[in-house]
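run-v5.pdb, holding PDB, C-alpha atoms and all ligand atoms:
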```pdb
ATOM      1  CA  MET A 152      61.729 -24.229   8.378
ATOM      2  CA  GLU A 153      62.173 -20.715   9.745
ATOM      3  CA  LYS A 154      61.043 -19.251   6.429
ATOM      4  CA  ASN A 155      57.623 -20.850   6.874
ATOM      5  CA  ILE A 156      56.864 -19.255  10.208
ATOM      6  CA  PRO A 157      55.856 -15.741   9.040
ATOM      7  CA  ILE A 158      53.703 -17.215   6.289
ATOM      8  CA  LEU A 159      51.865 -19.352   8.809
ATOM      9  CA  VAL A 160      51.365 -16.356  11.082
ATOM     10  CA  ILE A 161      50.019 -14.191   8.246
ATOM     11  CA  SER A 162      47.654 -16.862   6.985
ATOM     12  CA  PHE A 163      46.400 -17.429  10.546
ATOM     13  CA  PHE A 164      45.476 -13.774  10.994
ATOM     14  CA  LYS A 165      44.010 -13.456   7.518
ATOM     15  CA  LYS A 166      41.764 -16.477   7.883
ATOM     16  CA  PRO A 167      38.223 -15.216   7.378
ATOM     17  CA  VAL A 168      35.720 -15.790  10.132
ATOM     18  CA  ALA A 169      32.515 -16.971   8.515
ATOM     19  CA  ALA A 170      29.393 -15.103   9.605
ATOM     20  CA  PRO A 171      26.520 -17.136  11.001
ATOM     21  CA  ARG A 172      23.782 -17.479   8.429
ATOM     22  CA  ASP A 173      20.885 -16.407  10.643
ATOM     23  CA  ILE A 174      21.897 -12.806  11.427
ATOM     24  CA  LEU A 175      20.422 -11.270   8.317
ATOM     25  CA  LEU A 176      16.742 -12.181   8.117
ATOM     26  CA  THR A 177      15.444  -9.653   5.603
ATOM     27  CA  ASP A 178      16.617  -8.733   2.132
ATOM     28  CA  MET A 179      15.155  -5.494   0.767
ATOM     29  CA  HIS A 180      16.564  -5.228  -2.752
ATOM     30  CA  SER A 181      16.113  -7.839  -5.479
ATOM     31  CA  HIS A 182      14.517  -8.454  -8.857
ATOM     32  CA  LEU A 183      12.514 -11.653  -8.454
ATOM     33  CA  LEU A 184       9.300 -10.845 -10.352
ATOM     34  CA  SER A 185       9.805 -12.287 -13.813
ATOM     35  CA  GLY A 186       8.838 -10.248 -16.847
ATOM     36  CA  LEU A 187       8.916  -6.898 -15.073
ATOM     37  CA  ASP A 188      12.571  -5.973 -15.495
ATOM     38  CA  ASP A 189      16.070  -7.362 -16.132
ATOM     39  CA  GLY A 190      15.813  -9.733 -13.178
ATOM     40  CA  VAL A 191      14.754 -13.390 -13.129
ATOM     41  CA  LYS A 192      13.405 -14.874 -16.349
ATOM     42  CA  SER A 193      10.754 -17.162 -14.846
ATOM     43  CA  HIS A 194       8.891 -17.935 -11.640
ATOM     44  CA  GLU A 195      10.856 -21.210 -11.529
ATOM     45  CA  GLU A 196      14.121 -19.284 -11.410
ATOM     46  CA  ALA A 197      12.706 -17.099  -8.635
ATOM     47  CA  ILE A 198      11.747 -20.205  -6.646
ATOM     48  CA  GLU A 199      15.256 -21.696  -6.964
ATOM     49  CA  ILE A 200      16.714 -18.399  -5.715
ATOM     50  CA  ILE A 201      14.221 -18.107  -2.860
ATOM     51  CA  LYS A 202      15.183 -21.618  -1.683
ATOM     52  CA  ILE A 203      18.810 -20.493  -1.400
ATOM     53  CA  PHE A 204      17.816 -17.312   0.461
ATOM     54  CA  HIS A 205      16.008 -19.632   2.885
ATOM     55  CA  GLU A 206      19.118 -21.806   3.331
ATOM     56  CA  LEU A 207      21.098 -18.645   4.109
ATOM     57  CA  GLY A 208      18.708 -17.827   6.950
ATOM     58  CA  TYR A 209      16.542 -15.196   5.281
ATOM     59  CA  ARG A 210      12.847 -15.256   6.170
ATOM     60  CA  LYS A 211      11.585 -12.080   4.477
ATOM     61  CA  LEU A 212      12.305 -10.813   0.969
ATOM     62  CA  ILE A 213      11.104  -7.419  -0.184
ATOM     63  CA  THR A 214      11.639  -7.614  -3.912
ATOM     64  CA  THR A 215      12.042  -4.354  -5.811
ATOM     65  CA  PRO A 216      11.381  -4.299  -9.581
ATOM     66  CA  HIS A 217      12.849  -1.365 -11.454
ATOM     67  CA  ILE A 218      10.562   1.543 -12.212
ATOM     68  CA  MET A 219      12.139   3.741 -14.874
ATOM     69  CA  SER A 220      10.082   5.879 -17.235
ATOM     70  CA  ASP A 221      12.154   5.027 -20.328
ATOM     71  CA  TYR A 222      12.568   1.254 -19.867
ATOM     72  CA  TYR A 223      10.503  -0.275 -17.091
ATOM     73  CA  ARG A 224       7.060   1.235 -16.921
ATOM     74  CA  ASN A 225       5.943  -0.731 -13.879
ATOM     75  CA  ASP A 226       3.352   0.580 -11.480
ATOM     76  CA  PRO A 227       1.915  -0.609  -8.139
ATOM     77  CA  ALA A 228      -0.904  -2.605  -9.812
ATOM     78  CA  ILE A 229       1.440  -4.458 -12.210
ATOM     79  CA  ILE A 230       3.852  -5.258  -9.393
ATOM     80  CA  LYS A 231       1.083  -6.455  -7.072
ATOM     81  CA  GLN A 232      -0.271  -8.824  -9.708
ATOM     82  CA  ALA A 233       3.165 -10.343 -10.351
ATOM     83  CA  LEU A 234       3.772 -10.671  -6.611
ATOM     84  CA  ASP A 235       0.433 -12.453  -6.121
ATOM     85  CA  GLU A 236       1.356 -14.916  -8.885
ATOM     86  CA  LEU A 237       4.734 -15.640  -7.312
ATOM     87  CA  ASN A 238       3.237 -16.016  -3.823
ATOM     88  CA  THR A 239       0.691 -18.520  -5.134
ATOM     89  CA  ILE A 240       3.565 -20.679  -6.391
ATOM     90  CA  ILE A 241       5.573 -20.193  -3.177
ATOM     91  CA  SER A 242       2.643 -21.374  -1.065
ATOM     92  CA  LYS A 243       2.426 -24.551  -3.186
ATOM     93  CA  THR A 244       6.141 -25.290  -2.632
ATOM     94  CA  GLY A 245       5.826 -24.883   1.133
ATOM     95  CA  ILE A 246       8.917 -22.639   1.462
ATOM     96  CA  ASP A 247       8.700 -20.645   4.696
ATOM     97  CA  MET A 248       9.392 -17.222   3.192
ATOM     98  CA  ASN A 249       7.472 -13.968   3.495
ATOM     99  CA  VAL A 250       7.794 -12.342   0.053
ATOM    100  CA  GLN A 251       6.636  -8.761  -0.383
ATOM    101  CA  ALA A 252       7.243  -6.186  -3.082
ATOM    102  CA  ALA A 253       8.124  -2.524  -3.375
ATOM    103  CA  ALA A 254      10.206  -0.933  -6.146
ATOM    104  CA  GLU A 255      13.597   0.482  -7.039
ATOM    105  CA  TYR A 256      12.797   3.905  -8.481
ATOM    106  CA  TYR A 257      15.154   5.477 -10.973
ATOM    107  CA  LEU A 258      15.635   9.157 -10.228
ATOM    108  CA  ASP A 259      14.039  10.734 -13.298
ATOM    109  CA  GLU A 260      11.523  13.501 -13.930
ATOM    110  CA  ASP A 261       8.594  11.071 -13.681
ATOM    111  CA  PHE A 262       9.625   9.881 -10.239
ATOM    112  CA  ILE A 263      10.229  13.407  -8.971
ATOM    113  CA  LYS A 264       6.784  14.409 -10.259
ATOM    114  CA  LYS A 265       5.193  11.466  -8.416
ATOM    115  CA  ILE A 266       6.768  12.495  -5.130
ATOM    116  CA  THR A 267       6.078  16.193  -5.613
ATOM    117  CA  ASN A 268       2.421  15.570  -6.535
ATOM    118  CA  ASP A 269       1.805  13.039  -3.744
ATOM    119  CA  GLU A 270       1.038  10.240  -6.185
ATOM    120  CA  PRO A 271       1.074   6.701  -4.724
ATOM    121  CA  VAL A 272       4.508   5.087  -4.660
ATOM    122  CA  LEU A 273       5.678   1.728  -3.350
ATOM    123  CA  THR A 274       7.551   2.007  -0.089
ATOM    124  CA  ILE A 275       9.356  -0.446   2.152
ATOM    125  CA  GLY A 276       8.431  -0.802   5.825
ATOM    126  CA  ASP A 277       7.839   2.583   7.418
ATOM    127  CA  LYS A 278       7.932   4.817   4.314
ATOM    128  CA  TYR A 279      11.414   3.874   3.161
ATOM    129  CA  LEU A 280      11.780   4.723  -0.507
ATOM    130  CA  LEU A 281      14.433   2.825  -2.488
ATOM    131  CA  PHE A 282      15.896   4.815  -5.361
ATOM    132  CA  GLU A 283      18.836   4.662  -7.740
ATOM    133  CA  THR A 284      20.481   7.200 -10.038
ATOM    134  CA  ASN A 285      22.440   7.073 -13.271
ATOM    135  CA  PHE A 286      25.865   5.526 -12.863
ATOM    136  CA  PHE A 287      28.011   8.344 -14.196
ATOM    137  CA  THR A 288      27.277  11.892 -13.135
ATOM    138  CA  GLU A 289      25.594  13.255 -10.060
ATOM    139  CA  PRO A 290      22.002  14.117 -11.005
ATOM    140  CA  TYR A 291      21.429  17.850 -10.765
ATOM    141  CA  GLN A 292      18.091  17.205  -9.016
ATOM    142  CA  LEU A 293      19.522  14.912  -6.329
ATOM    143  CA  ASN A 294      19.598  17.304  -3.385
ATOM    144  CA  GLU A 295      16.250  18.838  -4.258
ATOM    145  CA  PHE A 296      14.668  15.382  -4.577
ATOM    146  CA  VAL A 297      16.044  14.326  -1.184
ATOM    147  CA  PHE A 298      14.691  17.484   0.424
ATOM    148  CA  THR A 299      11.230  17.041  -1.154
ATOM    149  CA  ALA A 300      11.027  13.339  -0.293
ATOM    150  CA  ILE A 301      11.969  13.935   3.343
ATOM    151  CA  THR A 302       9.580  16.873   3.599
ATOM    152  CA  LYS A 303       6.806  14.553   2.375
ATOM    153  CA  GLY A 304       7.637  12.071   5.145
ATOM    154  CA  TYR A 305       9.599   9.528   3.110
ATOM    155  CA  LYS A 306      12.880   7.988   4.177
ATOM    156  CA  PRO A 307      14.954   7.809   0.978
ATOM    157  CA  ILE A 308      17.352   4.878   0.661
ATOM    158  CA  LEU A 309      20.035   5.261  -1.997
ATOM    159  CA  ALA A 310      20.612   1.878  -3.631
ATOM    160  CA  HIS A 311      24.248   0.797  -4.074
ATOM    161  CA  PRO A 312      26.059   4.156  -3.593
ATOM    162  CA  GLU A 313      29.354   2.324  -4.160
ATOM    163  CA  ARG A 314      28.443   1.668  -7.808
ATOM    164  CA  TYR A 315      28.144   5.290  -8.938
ATOM    165  CA  GLN A 316      31.212   6.774 -10.596
ATOM    166  CA  TYR A 317      30.418  10.189  -9.102
ATOM    167  CA  MET A 318      30.239   8.858  -5.549
ATOM    168  CA  THR A 319      32.958   9.658  -3.031
ATOM    169  CA  LEU A 320      33.202   9.144   0.693
ATOM    170  CA  GLU A 321      32.600  12.878   1.164
ATOM    171  CA  LYS A 322      29.469  12.808  -1.014
ATOM    172  CA  ALA A 323      28.181   9.768   0.867
ATOM    173  CA  GLU A 324      28.671  11.580   4.161
ATOM    174  CA  GLU A 325      26.890  14.642   2.821
ATOM    175  CA  LEU A 326      23.931  12.530   1.681
ATOM    176  CA  ARG A 327      23.706  10.858   5.072
ATOM    177  CA  ASN A 328      23.732  14.266   6.718
ATOM    178  CA  ARG A 329      20.837  15.260   4.462
ATOM    179  CA  GLY A 330      18.859  12.263   5.735
ATOM    180  CA  VAL A 331      19.540   9.657   3.052
ATOM    181  CA  TYR A 332      19.936   6.026   4.123
ATOM    182  CA  LEU A 333      22.624   4.050   2.310
ATOM    183  CA  GLN A 334      22.281   0.459   1.062
ATOM    184  CA  ILE A 335      25.303  -1.360  -0.309
ATOM    185  CA  ASN A 336      25.064  -4.424  -2.513
ATOM    186  CA  ILE A 337      26.569  -7.491  -0.877
ATOM    187  CA  PRO A 338      28.000  -8.672  -4.250
ATOM    188  CA  SER A 339      30.037  -5.427  -4.411
ATOM    189  CA  LEU A 340      32.231  -6.784  -1.609
ATOM    190  CA  LEU A 341      33.170  -9.747  -3.789
ATOM    191  CA  GLY A 342      34.170  -7.575  -6.738
ATOM    192  CA  VAL A 343      31.159  -8.470  -8.884
ATOM    193  CA  TYR A 344      30.960  -4.895 -10.238
ATOM    194  CA  GLY A 345      34.733  -4.316 -10.374
ATOM    195  CA  LYS A 346      37.327  -2.862  -8.060
ATOM    196  CA  PRO A 347      36.182   0.754  -7.473
ATOM    197  CA  PRO A 348      32.728  -0.292  -6.160
ATOM    198  CA  MET A 349      34.365  -2.951  -3.999
ATOM    199  CA  LYS A 350      36.777  -0.449  -2.479
ATOM    200  CA  LEU A 351      34.109   2.184  -1.839
ATOM    201  CA  ALA A 352      31.803  -0.415  -0.240
ATOM    202  CA  MET A 353      34.667  -1.443   2.045
ATOM    203  CA  LYS A 354      35.340   2.183   3.012
ATOM    204  CA  LEU A 355      31.662   2.804   3.730
ATOM    205  CA  ILE A 356      31.652  -0.214   6.038
ATOM    206  CA  GLU A 357      34.826   1.004   7.767
ATOM    207  CA  GLN A 358      33.100   4.354   8.367
ATOM    208  CA  GLY A 359      29.973   2.600   9.641
ATOM    209  CA  TRP A 360      27.868   4.530   7.134
ATOM    210  CA  ILE A 361      25.790   1.590   5.957
ATOM    211  CA  ASP A 362      22.132   1.367   6.959
ATOM    212  CA  PHE A 363      21.093  -1.590   4.826
ATOM    213  CA  VAL A 364      22.754  -4.381   2.888
ATOM    214  CA  GLY A 365      20.983  -5.816  -0.135
ATOM    215  CA  SER A 366      21.464  -8.708  -2.504
ATOM    216  CA  ASP A 367      20.274  -6.807  -5.611
ATOM    217  CA  CYS A 368      19.749 -10.363  -6.813
ATOM    218  CA  HIS A 369      18.821 -10.497 -10.508
ATOM    219  CA  ASN A 370      19.727 -14.119 -11.234
ATOM    220  CA  GLN A 371      21.220 -17.340  -9.907
ATOM    221  CA  ASN A 372      24.811 -16.074 -10.229
ATOM    222  CA  HIS A 373      24.073 -13.298  -7.754
ATOM    223  CA  ILE A 374      22.571 -15.654  -5.194
ATOM    224  CA  HIS A 375      25.654 -17.880  -5.333
ATOM    225  CA  THR A 376      27.787 -14.782  -4.731
ATOM    226  CA  LEU A 377      25.694 -14.181  -1.638
ATOM    227  CA  GLU A 378      26.607 -17.634  -0.334
ATOM    228  CA  GLU A 379      30.295 -16.726  -0.781
ATOM    229  CA  ALA A 380      29.853 -13.466   1.125
ATOM    230  CA  TYR A 381      29.524 -15.214   4.463
ATOM    231  CA  LYS A 382      33.270 -15.908   4.301
ATOM    232  CA  ASN A 383      34.125 -12.270   3.432
ATOM    233  CA  ASN A 384      35.663 -10.238   6.256
ATOM    234  CA  TYR A 385      33.998  -6.973   5.211
ATOM    235  CA  PHE A 386      30.598  -8.621   5.039
ATOM    236  CA  VAL A 387      31.192 -10.015   8.534
ATOM    237  CA  LYS A 388      32.101  -6.455   9.604
ATOM    238  CA  ALA A 389      28.966  -5.040   7.952
ATOM    239  CA  LEU A 390      26.812  -7.483   9.889
ATOM    240  CA  GLU A 391      28.230  -6.033  13.108
ATOM    241  CA  LEU A 392      26.870  -2.562  12.214
ATOM    242  CA  PRO A 393      23.401  -1.484  13.421
ATOM    243  CA  LEU A 394      21.789  -2.475  10.120
ATOM    244  CA  LEU A 395      18.080  -1.798   9.690
ATOM    245  CA  ASN A 396      17.277  -4.814   7.471
ATOM    246  CA  ASN A 397      15.653  -6.859  10.204
ATOM    247  CA  SER A 398      13.460  -3.928  11.320
ATOM    248  CA  LEU A 399      11.536  -4.001   8.047
TER     249      LEU A 399
HETATM  250 FE    FE A 401      18.486  -3.230  -8.188
END
```

Just give me the structure as structure tokens.
Amino acid sequence: MEKNIPILVISFFKKPVAAPRDILLTDMHSHLLSGLDDGVKSHEEAIEIIKIFHELGYRKLITTPHIMSDYYRNDPAIIKQALDELNTIISKTGIDMNVQAAAEYYLDEDFIKKITNDEPVLTIGDKYLLFETNFFTEPYQLNEFVFTAITKGYKPILAHPERYQYMTLEKAEELRNRGVYLQINIPSLLGVYGKPPMKLAMKLIEQGWIDFVGSDCHNQNHIHTLEEAYKNNYFVKALELPLLNNSL
């Protein structure tokens, strides 16, 4: 009998406290416009995913197709047309969800040129600019890009810092000090991208260095991971931070 006592105590303290599902109202990173990137394969799939977002308490989705000069040559007009198509279907289903679109820009020469030359880009809320980098080495233009973007009045958000092999806690702090907002992927906390991203996401939450959380939802597997997250202690912790999601 005595042997069971410590086990009971440990399991009591480790029991996750599920987060209420109506804290996070806005998701600002997903791939729900079919045909534009490696996200959903049909409007029907998008609708099934949007229904689950609704059940989780979300009321606004800012979906962000990839823009990458080598692979995904999307532009504001293409994205707007796909968004209009999806919204027409959403209005027929009667789901109470405000769906907007921006983009997830890959940091390449094309993107830097757009920012430098004041070409139109898709932003989120008050000039937030979601961007990603390659997954392996720190881009040599990163600091210069951040400086230019901020000088032009943009608020750069680095998508999923925890997923880059070159990212460290020190680098994340440096980027924040340069004015970059950080957005972790909720699925990272459940190990969807492996252990190193999970650990770095946890550390970033412990430091309180997270400005946004995103689903980065590409498909139905991701949205089911999001349902699981509400029982994850680090996700619960992240929701206690002054996240900017709901301000968008
Ligand atoms: Fe993404």

Selection within 9 Å of ligand FE 401 (chain A) by all atoms listed in the file, output as a PyMOL selection string: chain A and resi 180-182+190+215-217+254-255+282-283+310-311+336+365-369

Restricting the output to C-alpha atoms, write the selected residues as a PDB file, in the frame of the given file.
```pdb
ATOM      1  CA  HIS A 180      16.564  -5.228  -2.752  1.00  0.00           C
ATOM      2  CA  SER A 181      16.113  -7.839  -5.479  1.00  0.00           C
ATOM      3  CA  HIS A 182      14.517  -8.454  -8.857  1.00  0.00           C
ATOM      4  CA  GLY A 190      15.813  -9.733 -13.178  1.00  0.00           C
ATOM      5  CA  THR A 215      12.042  -4.354  -5.811  1.00  0.00           C
ATOM      6  CA  PRO A 216      11.381  -4.299  -9.581  1.00  0.00           C
ATOM      7  CA  HIS A 217      12.849  -1.365 -11.454  1.00  0.00           C
ATOM      8  CA  ALA A 254      10.206  -0.933  -6.146  1.00  0.00           C
ATOM      9  CA  GLU A 255      13.597   0.482  -7.039  1.00  0.00           C
ATOM     10  CA  PHE A 282      15.896   4.815  -5.361  1.00  0.00           C
ATOM     11  CA  GLU A 283      18.836   4.662  -7.740  1.00  0.00           C
ATOM     12  CA  ALA A 310      20.612   1.878  -3.631  1.00  0.00           C
ATOM     13  CA  HIS A 311      24.248   0.797  -4.074  1.00  0.00           C
ATOM     14  CA  ASN A 336      25.064  -4.424  -2.513  1.00  0.00           C
ATOM     15  CA  GLY A 365      20.983  -5.816  -0.135  1.00  0.00           C
ATOM     16  CA  SER A 366      21.464  -8.708  -2.504  1.00  0.00           C
ATOM     17  CA  ASP A 367      20.274  -6.807  -5.611  1.00  0.00           C
ATOM     18  CA  CYS A 368      19.749 -10.363  -6.813  1.00  0.00           C
ATOM     19  CA  HIS A 369      18.821 -10.497 -10.508  1.00  0.00           C
TER      20      HIS A 369
END
```

Surrounding residues of segment 325-334 of chain A excluding itself and chain neighbours under 4 positions, 8 Å, only C-alpha atoms, as a list in words: Val297, Phe298, Ile301, Lys306, Pro307, Ile308, Leu309, Ala310, His311, Pro312, Glu321, Trp360, Ile361, Asp362, Phe363, Val364 and Gly365 of chain A

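Separating atom CA of Pro227 of chain A from atom CA of Asp188 of chain A is a distance of 14.0 Å.
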
Test item: the PyMOL selection byres (((chain A and resi 228-230) around 8) and not hetatm) resolved as a ChimeraX atom specification: /A:184,187,216,225-227,231-234,252-253

Picked residues, the PyMOL selection byres (((chain A and resi 211) around 12) and not hetatm), as a ChimeraX atom specification: /A:173,175-181,201-202,204-205,207-210,212-214,246-252,276,396-399

Matched chain/residue IDs from the PyMOL selection byres (((chain A and resi 257) around 6) and not hetatm), as a list in words: Met219, Tyr256, Leu258, Asp259, Phe282, Glu283 and Thr284 of chain A

Contact residues around Glu289 of chain A with all atoms listed in the file at 12 Å, ignoring same-chain residues under 2 positions, as a VMD selection string: chain A and resid 258 283 to 287 291 to 294 312 315 to 319 322 to 323 326

I need the residues from that last selection saved to file as a PDB file, keeping the file's coordinate frame (with C-alpha atoms), if you can.
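Full text of again.pdb as output:
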```
ATOM      1  CA  LEU A 258      15.635   9.157 -10.228  1.00  0.00           C
ATOM      2  CA  GLU A 283      18.836   4.662  -7.740  1.00  0.00           C
ATOM      3  CA  THR A 284      20.481   7.200 -10.038  1.00  0.00           C
ATOM      4  CA  ASN A 285      22.440   7.073 -13.271  1.00  0.00           C
ATOM      5  CA  PHE A 286      25.865   5.526 -12.863  1.00  0.00           C
ATOM      6  CA  PHE A 287      28.011   8.344 -14.196  1.00  0.00           C
ATOM      7  CA  TYR A 291      21.429  17.850 -10.765  1.00  0.00           C
ATOM      8  CA  GLN A 292      18.091  17.205  -9.016  1.00  0.00           C
ATOM      9  CA  LEU A 293      19.522  14.912  -6.329  1.00  0.00           C
ATOM     10  CA  ASN A 294      19.598  17.304  -3.385  1.00  0.00           C
ATOM     11  CA  PRO A 312      26.059   4.156  -3.593  1.00  0.00           C
ATOM     12  CA  TYR A 315      28.144   5.290  -8.938  1.00  0.00           C
ATOM     13  CA  GLN A 316      31.212   6.774 -10.596  1.00  0.00           C
ATOM     14  CA  TYR A 317      30.418  10.189  -9.102  1.00  0.00           C
ATOM     15  CA  MET A 318      30.239   8.858  -5.549  1.00  0.00           C
ATOM     16  CA  THR A 319      32.958   9.658  -3.031  1.00  0.00           C
ATOM     17  CA  LYS A 322      29.469  12.808  -1.014  1.00  0.00           C
ATOM     18  CA  ALA A 323      28.181   9.768   0.867  1.00  0.00           C
ATOM     19  CA  LEU A 326      23.931  12.530   1.681  1.00  0.00           C
TER      20      LEU A 326
END
```

Nearest to Asn383 of chain A by atom-to-atom distance, counting all atoms listed in the file, from A:Ile266, A:Ala169, A:Asn238, A:Ile200: A:Ala169

Distance criterion (only C-alpha atoms): nearest to Ile240 of chain A out of A:Leu395, A:Leu355, A:Met349, A:His194: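 The shortest atom-to-atom distance to Ile240 of chain A comes from A:His194.
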
Point-to-point distance from atom CA of Leu320 of chain A to atom CA of Pro393 of chain A, Å rounded to tenths: 19.3 Å

All residues 9 Å or closer to Thr376 of chain A, only C-alpha atoms, same chain fewer than 5 positions away omitted, as a PyMOL selection string: chain A and resi 337-338+341+343+371

Atomic distance atom CA of Glu206 of chain A - atom CA of Val387 of chain A, expressed in Å with one decimal: 17.7 Å

Within 10 Å of Leu340 of chain A using only C-alpha atoms, minus same-chain residues under 4 positions, as a ChimeraX atom specification: /A:313,335-336,344-346,348-353,376-377,380,383-386

Shortest interatomic distance to Thr288 of chain A - which of A:Leu273, A:Ser220, A:Arg314, A:Pro171, counting only C-alpha atoms: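 Looking only at the distances to Thr288 of chain A, the closest residue turns out to be A:Arg314.
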